[in-house]
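Source file: start.cif (mmCIF, C-alpha atoms)
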```
data_run
#
loop_
_atom_site.label_atom_id
_atom_site.label_comp_id
_atom_site.auth_asym_id
_atom_site.auth_seq_id
_atom_site.Cartn_x
_atom_site.Cartn_y
_atom_site.Cartn_z
CA MET A 903 84.22 42.48 33.61
CA ALA A 904 85.09 44.17 30.30
CA VAL A 905 88.71 44.65 29.37
CA GLU A 906 90.04 48.18 29.62
CA GLY A 907 92.86 50.29 28.21
CA GLY A 908 95.27 48.58 25.86
CA MET A 909 93.33 45.31 26.02
CA LYS A 910 90.27 47.02 24.60
CA CYS A 911 92.42 48.05 21.63
CA VAL A 912 93.59 44.44 21.29
CA LYS A 913 89.98 43.31 21.40
CA PHE A 914 89.02 45.49 18.45
CA LEU A 915 92.19 44.56 16.59
CA LEU A 916 91.34 40.87 17.00
CA PHE A 917 87.82 41.55 15.79
CA PHE A 918 89.24 43.37 12.77
CA PHE A 919 91.74 40.60 12.06
CA ASN A 920 88.96 38.03 12.15
CA PHE A 921 87.17 39.97 9.45
CA ILE A 922 90.43 39.85 7.45
CA PHE A 923 90.63 36.08 8.14
CA TRP A 924 87.10 35.72 6.82
CA LEU A 925 88.18 37.39 3.58
CA CYS A 926 91.37 35.28 3.54
CA GLY A 927 89.34 32.10 3.91
CA LEU A 928 87.22 33.15 0.97
CA ALA A 929 90.36 33.97 -1.03
CA LEU A 930 91.88 30.54 -0.28
CA ILE A 931 88.71 28.80 -1.43
CA VAL A 932 88.71 30.76 -4.70
CA VAL A 933 92.43 30.22 -5.37
CA GLY A 934 92.20 26.51 -4.54
CA ILE A 935 89.18 26.00 -6.81
CA LEU A 936 90.79 27.89 -9.70
CA VAL A 937 93.97 25.82 -9.48
CA GLN A 938 92.04 22.55 -9.16
CA VAL A 939 89.88 23.40 -12.18
CA SER A 940 93.01 24.24 -14.16
CA LEU A 941 94.56 20.89 -13.28
CA THR A 942 91.56 18.68 -13.98
CA LYS A 943 89.78 20.44 -16.82
CA THR A 944 91.86 23.02 -18.61
CA PHE A 945 94.98 20.81 -18.63
CA MET A 946 93.18 17.45 -18.19
CA ILE A 947 95.77 16.29 -15.66
CA ASN A 948 94.30 13.58 -13.45
CA ASP A 949 97.33 12.49 -11.43
CA VAL A 950 96.14 12.18 -7.81
CA SER A 951 99.27 13.85 -6.43
CA THR A 952 98.51 17.04 -8.33
CA SER A 953 95.27 17.60 -6.40
CA GLY A 954 96.84 17.46 -2.94
CA ALA A 955 97.83 21.08 -2.36
CA PRO A 956 94.75 22.71 -4.01
CA ILE A 957 92.29 20.47 -2.12
CA VAL A 958 94.06 21.13 1.19
CA VAL A 959 93.92 24.87 0.49
CA ILE A 960 90.18 24.70 -0.31
CA ILE A 961 89.45 22.77 2.91
CA VAL A 962 91.60 25.12 4.98
CA GLY A 963 89.88 28.13 3.40
CA ALA A 964 86.44 26.75 4.25
CA VAL A 965 87.48 26.05 7.86
CA ILE A 966 88.98 29.53 8.25
CA PHE A 967 85.79 31.01 6.81
CA PHE A 968 83.79 29.57 9.71
CA ILE A 969 86.44 29.88 12.42
CA ALA A 970 86.69 33.62 11.72
CA PHE A 971 83.04 34.06 12.68
CA PHE A 972 83.70 32.07 15.85
CA GLY A 973 86.67 34.31 16.66
CA CYS A 974 84.66 37.49 16.08
CA CYS A 975 82.03 36.34 18.59
CA GLY A 976 84.67 35.40 21.16
CA ALA A 977 86.48 38.73 20.83
CA TRP A 978 83.31 40.82 20.95
CA GLN A 979 81.85 38.97 23.95
CA GLU A 980 85.26 38.71 25.65
CA ASN A 981 84.68 35.02 26.21
CA TYR A 982 87.91 33.40 27.43
CA CYS A 983 86.90 29.88 26.36
CA MET A 984 85.90 30.96 22.84
CA VAL A 985 89.04 33.06 22.33
CA THR A 986 91.24 30.18 23.59
CA THR A 987 89.53 27.69 21.28
CA PHE A 988 89.89 30.16 18.42
CA ALA A 989 93.64 30.54 19.06
CA ILE A 990 94.16 26.74 19.18
CA LEU A 991 92.17 26.12 15.99
CA LEU A 992 93.93 28.95 14.19
CA SER A 993 97.32 27.53 15.20
CA LEU A 994 96.37 24.13 13.77
CA ILE A 995 95.14 25.72 10.54
CA CYS A 996 98.36 27.71 10.26
CA ILE A 997 100.39 24.49 10.50
CA VAL A 998 98.26 22.84 7.80
CA GLU A 999 98.70 25.85 5.49
CA ILE A 1000 102.46 25.76 5.87
CA ALA A 1001 102.37 22.01 5.14
CA ALA A 1002 100.29 22.71 2.00
CA ALA A 1003 102.81 25.33 0.87
CA ILE A 1004 105.66 22.84 1.34
CA THR A 1005 103.70 20.16 -0.55
CA GLY A 1006 103.11 22.59 -3.40
CA TYR A 1007 106.80 23.48 -3.54
CA VAL A 1008 107.83 19.82 -3.61
CA TYR A 1009 105.27 19.07 -6.31
CA ARG A 1010 106.67 21.83 -8.55
CA LYS A 1011 109.67 19.57 -9.14
CA LYS A 1012 107.40 16.76 -10.36
CA VAL A 1013 105.40 18.86 -12.82
CA SER A 1014 107.44 17.83 -15.88
CA ALA A 1015 106.88 14.08 -15.47
CA VAL A 1016 103.18 14.46 -14.67
CA VAL A 1017 102.58 16.74 -17.66
CA GLN A 1018 104.48 14.38 -19.98
CA ASP A 1019 102.40 11.38 -18.91
CA SER A 1020 99.09 13.25 -18.98
CA LEU A 1021 99.59 14.80 -22.42
CA THR A 1022 100.82 11.50 -23.87
CA GLU A 1023 97.67 9.81 -22.56
CA MET A 1024 95.65 12.66 -24.06
CA ILE A 1025 97.03 11.96 -27.55
CA THR A 1026 96.73 8.18 -27.19
CA ASN A 1027 93.04 8.35 -26.23
CA TYR A 1028 92.05 11.13 -28.67
CA LYS A 1029 90.69 8.98 -31.52
CA ASN A 1030 88.67 6.64 -29.29
CA GLY A 1031 87.66 9.26 -26.74
CA THR A 1032 84.27 10.87 -26.28
CA ASP A 1033 83.25 14.01 -28.14
CA LYS A 1034 83.66 15.98 -24.92
CA PHE A 1035 87.18 14.64 -24.44
CA ARG A 1036 88.24 15.49 -27.99
CA LEU A 1037 86.70 18.93 -27.64
CA SER A 1038 88.76 19.48 -24.48
CA VAL A 1039 91.96 18.43 -26.26
CA ASP A 1040 91.16 20.69 -29.20
CA LYS A 1041 90.44 23.61 -26.91
CA LEU A 1042 93.74 23.06 -25.09
CA GLN A 1043 95.73 23.15 -28.32
CA GLU A 1044 93.81 26.10 -29.75
CA ASP A 1045 94.03 28.20 -26.59
CA LEU A 1046 97.71 27.49 -25.93
CA LYS A 1047 98.64 27.57 -29.63
CA CYS A 1048 100.54 24.30 -29.46
CA CYS A 1049 100.36 20.81 -30.95
CA GLY A 1050 101.19 17.43 -29.41
CA VAL A 1051 103.34 16.79 -26.36
CA ASN A 1052 106.84 17.81 -27.48
CA SER A 1053 106.02 18.68 -31.08
CA SER A 1054 103.37 18.19 -33.75
CA ALA A 1055 105.20 14.95 -34.74
CA ASP A 1056 103.59 13.28 -31.71
CA TRP A 1057 100.40 13.01 -33.81
CA ARG A 1058 102.10 10.72 -36.38
CA ASN A 1059 99.69 7.87 -35.52
CA PHE A 1060 96.64 10.10 -35.80
CA ALA A 1061 95.98 9.27 -39.46
CA PRO A 1062 97.12 6.50 -41.87
CA ASP A 1063 99.34 8.89 -43.86
CA GLY A 1064 101.38 9.67 -40.74
CA ASN A 1065 101.45 13.34 -41.71
CA THR A 1066 98.11 14.64 -40.44
CA VAL A 1067 97.26 16.43 -37.20
CA PRO A 1068 93.93 17.47 -35.64
CA ASP A 1069 92.53 20.69 -37.04
CA SER A 1070 92.99 22.30 -33.63
CA CYS A 1071 96.74 22.40 -34.35
CA CYS A 1072 96.21 24.80 -37.25
CA ARG A 1073 97.10 28.47 -37.04
CA ASN A 1074 93.79 29.22 -38.77
CA VAL A 1075 91.35 26.49 -37.80
CA THR A 1076 89.22 25.29 -40.71
CA ALA A 1077 87.85 21.91 -41.74
CA ASN A 1078 90.64 19.45 -42.68
CA CYS A 1079 93.32 22.14 -42.34
CA GLY A 1080 95.58 19.64 -40.55
CA VAL A 1081 95.60 17.06 -43.35
CA GLY A 1082 99.15 16.47 -44.59
CA ALA A 1083 100.46 19.47 -42.65
CA MET A 1084 102.16 17.89 -39.62
CA MET A 1085 105.50 19.68 -39.97
CA ASP A 1086 104.31 22.67 -42.01
CA ALA A 1087 105.04 25.55 -39.64
CA ALA A 1088 103.18 27.93 -41.93
CA LYS A 1089 99.92 26.03 -41.41
CA VAL A 1090 100.16 24.41 -37.97
CA TYR A 1091 101.81 25.06 -34.62
CA THR A 1092 104.76 22.67 -34.45
CA GLU A 1093 105.68 23.49 -30.83
CA GLY A 1094 104.47 20.92 -28.27
CA CYS A 1095 102.18 21.76 -25.37
CA ARG A 1096 104.42 20.34 -22.66
CA GLY A 1097 106.57 23.40 -21.96
CA ILE A 1098 103.61 25.79 -22.05
CA VAL A 1099 101.49 23.66 -19.71
CA GLU A 1100 104.39 23.21 -17.29
CA GLU A 1101 104.92 26.97 -17.08
CA LEU A 1102 101.23 27.65 -16.46
CA LEU A 1103 101.00 24.94 -13.81
CA GLN A 1104 104.06 26.24 -11.99
CA LYS A 1105 102.56 29.72 -11.92
CA ASN A 1106 99.29 28.37 -10.50
CA ILE A 1107 101.10 26.34 -7.86
CA LEU A 1108 103.17 29.40 -6.97
CA TRP A 1109 99.95 31.33 -6.33
CA VAL A 1110 98.83 28.60 -3.94
CA ILE A 1111 102.15 28.75 -2.08
CA VAL A 1112 102.13 32.56 -1.84
CA ALA A 1113 98.49 32.68 -0.72
CA ALA A 1114 99.06 30.04 1.96
CA LEU A 1115 102.20 31.69 3.37
CA VAL A 1116 100.80 35.24 3.38
CA ILE A 1117 97.63 34.16 5.13
CA ALA A 1118 99.62 32.02 7.57
CA PHE A 1119 101.65 35.12 8.49
CA LEU A 1120 98.46 37.10 9.13
CA GLN A 1121 97.11 34.25 11.20
CA ILE A 1122 100.21 34.24 13.39
CA MET A 1123 99.51 37.89 14.16
CA GLY A 1124 95.92 36.96 14.97
CA ILE A 1125 97.12 34.22 17.32
CA VAL A 1126 99.33 36.76 19.12
CA PHE A 1127 96.40 39.15 19.53
CA ALA A 1128 94.18 36.30 20.74
CA CYS A 1129 96.76 35.30 23.36
CA CYS A 1130 97.02 38.91 24.54
CA LEU A 1131 93.25 39.19 24.83
CA MET A 1132 93.11 35.85 26.69
CA ARG A 1133 95.62 37.20 29.18
CA GLY A 1134 93.61 40.43 29.58
CA ILE A 1135 90.35 38.56 30.11
CA ARG A 1136 91.95 36.22 32.64
CA SER A 1137 93.43 39.19 34.52
CA GLY A 1138 89.97 40.72 34.63
CA TYR A 1139 88.56 37.57 36.18
CA GLU A 1140 91.33 37.50 38.79
CA VAL A 1141 90.59 41.11 39.77
CA MET A 1142 86.93 40.21 40.24
#
```
In structure tokens, how does this file's structure come out?
Amino acid sequence: MAVEGGMKCVKFLLFFFNFIFWLCGLALIVVGILVQVSLTKTFMINDVSTSGAPIVVIIVGAVIFFIAFFGCCGAWQENYCMVTTFAILLSLICIVEIAAAITGYVYRKKVSAVVQDSLTEMITNYKNGTDKFRLSVDKLQEDLKCCGVNSSADWRNFAPDGNTVPDSCCRNVTANCGVGAMMDAAKVYTEGCRGIVEELLQKNILWVIVAALVIAFLQIMGIVFACCLMRGIRSGYEVM
């Protein structure tokens, strides 16, 4: 027996919300991937703890992506079992998202130490690293217009004269432009990359937190609608 009256409205609302969830799942996947790429490639930060929140968000997004289709079918067919399963799964996902948001918030306080260690390792391994690694370091410094960890002086062991920095530190990058110019602010960027990277990472993590909480709020509304539809379907069975 099909639901009638207000429950029919709830049915279509649940169907609509599942379409929104489908889009939200896709959004979570995109946001999670972008943040993860920023951590591992753009900033070359390989600390395992930094990948926790983004990976959780990607997994949750993928699960939501498929659960939303399941929920649409349950709502459209008015299947009590499918709608109940959908509500339970969505509740679990909502809890995981909130946990990911909390993890991201806690991690924000650890950004400084992780960035310090990662950038220091970057400078230490620059000379003996692969061409791809050095290219990544150079791109980081060129794009962010910075040099070293805390200042250009961090490159003092880069060359025997103790006063040379990689060419990527130069304001106008040309061959050998960093030779003997470590503290020459007119030729090279003397500001370190640490503060800039920290700020960018905190912004990325904030996006993860906001995305997770907003979607969790929408999911709570979906759970409410699912419970209402479950009650309507069950009432219909009892009438029959």
Expressed in Å, the length from atom CA of Asp1040 of chain A to atom CA of Val1013 of chain A is 21.8 Å
Sorted per-residue table, segment 952-1066 of chain A near segment 917-922 of chain A, closest atoms and distance, 8 Å, only C-alpha atoms, as a tab-separated table:
```
residue	atom	partner	partner_atom	distance
A:Ala970	CA	A:Asn920	CA	5.0
A:Phe971	CA	A:Asn920	CA	7.1
A:Gly973	CA	A:Asn920	CA	6.3
A:Cys974	CA	A:Phe917	CA	5.2
A:Ala977	CA	A:Phe917	CA	5.9
A:Trp978	CA	A:Phe917	CA	6.9
```
> Restricting the calculation to all atoms listed in the file, which member of A:Cys911, A:Val1067, A:Val1116, A:Leu1021 is positioned closest to Val1090 of chain A?
Replying inline: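 Using all atoms listed in the file, the shortest distance to Val1090 of chain A belongs to A:Val1067.
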request  = Enumerate, as JSON, numbers by chain, the residues matched when the PyMOL selection byres ((chain A and resi 1104-1110) around 7) is run on the file above.
outcome  = {"A": [933, 934, 937, 1006, 1010, 1100, 1101, 1102, 1103, 1111, 1112, 1113, 1114]}
Under the rule that all atoms listed in the file are counted, which of A:Ile966, A:Ala989, A:Val958, A:Cys1095 is the nearest residue to Phe1127 of chain A?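 Comparing A:Ile966, A:Ala989, A:Val958, A:Cys1095 against Phe1127 of chain A, the winner is A:Ala989.
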| task | Name the residues that the PyMOL selection byres ((chain A and resi 990-995) around 9) picks from the file above, as a PyMOL selection string, using the file's chain letters and numbers. | result | chain A and resi 962+965-966+969-970+985-989+996-1000+1118+1121-1122+1124-1125
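If all atoms listed in the file are the atoms counted, then among A:Val1075, A:Ala1083, A:Leu1046, A:Met1024 the closest residue to Asp1063 of chain A is A:Ala1083.
Atom to atom, atom CA of Cys1071 of chain A and atom CA of Leu936 of chain A stand 25.9 Å apart.
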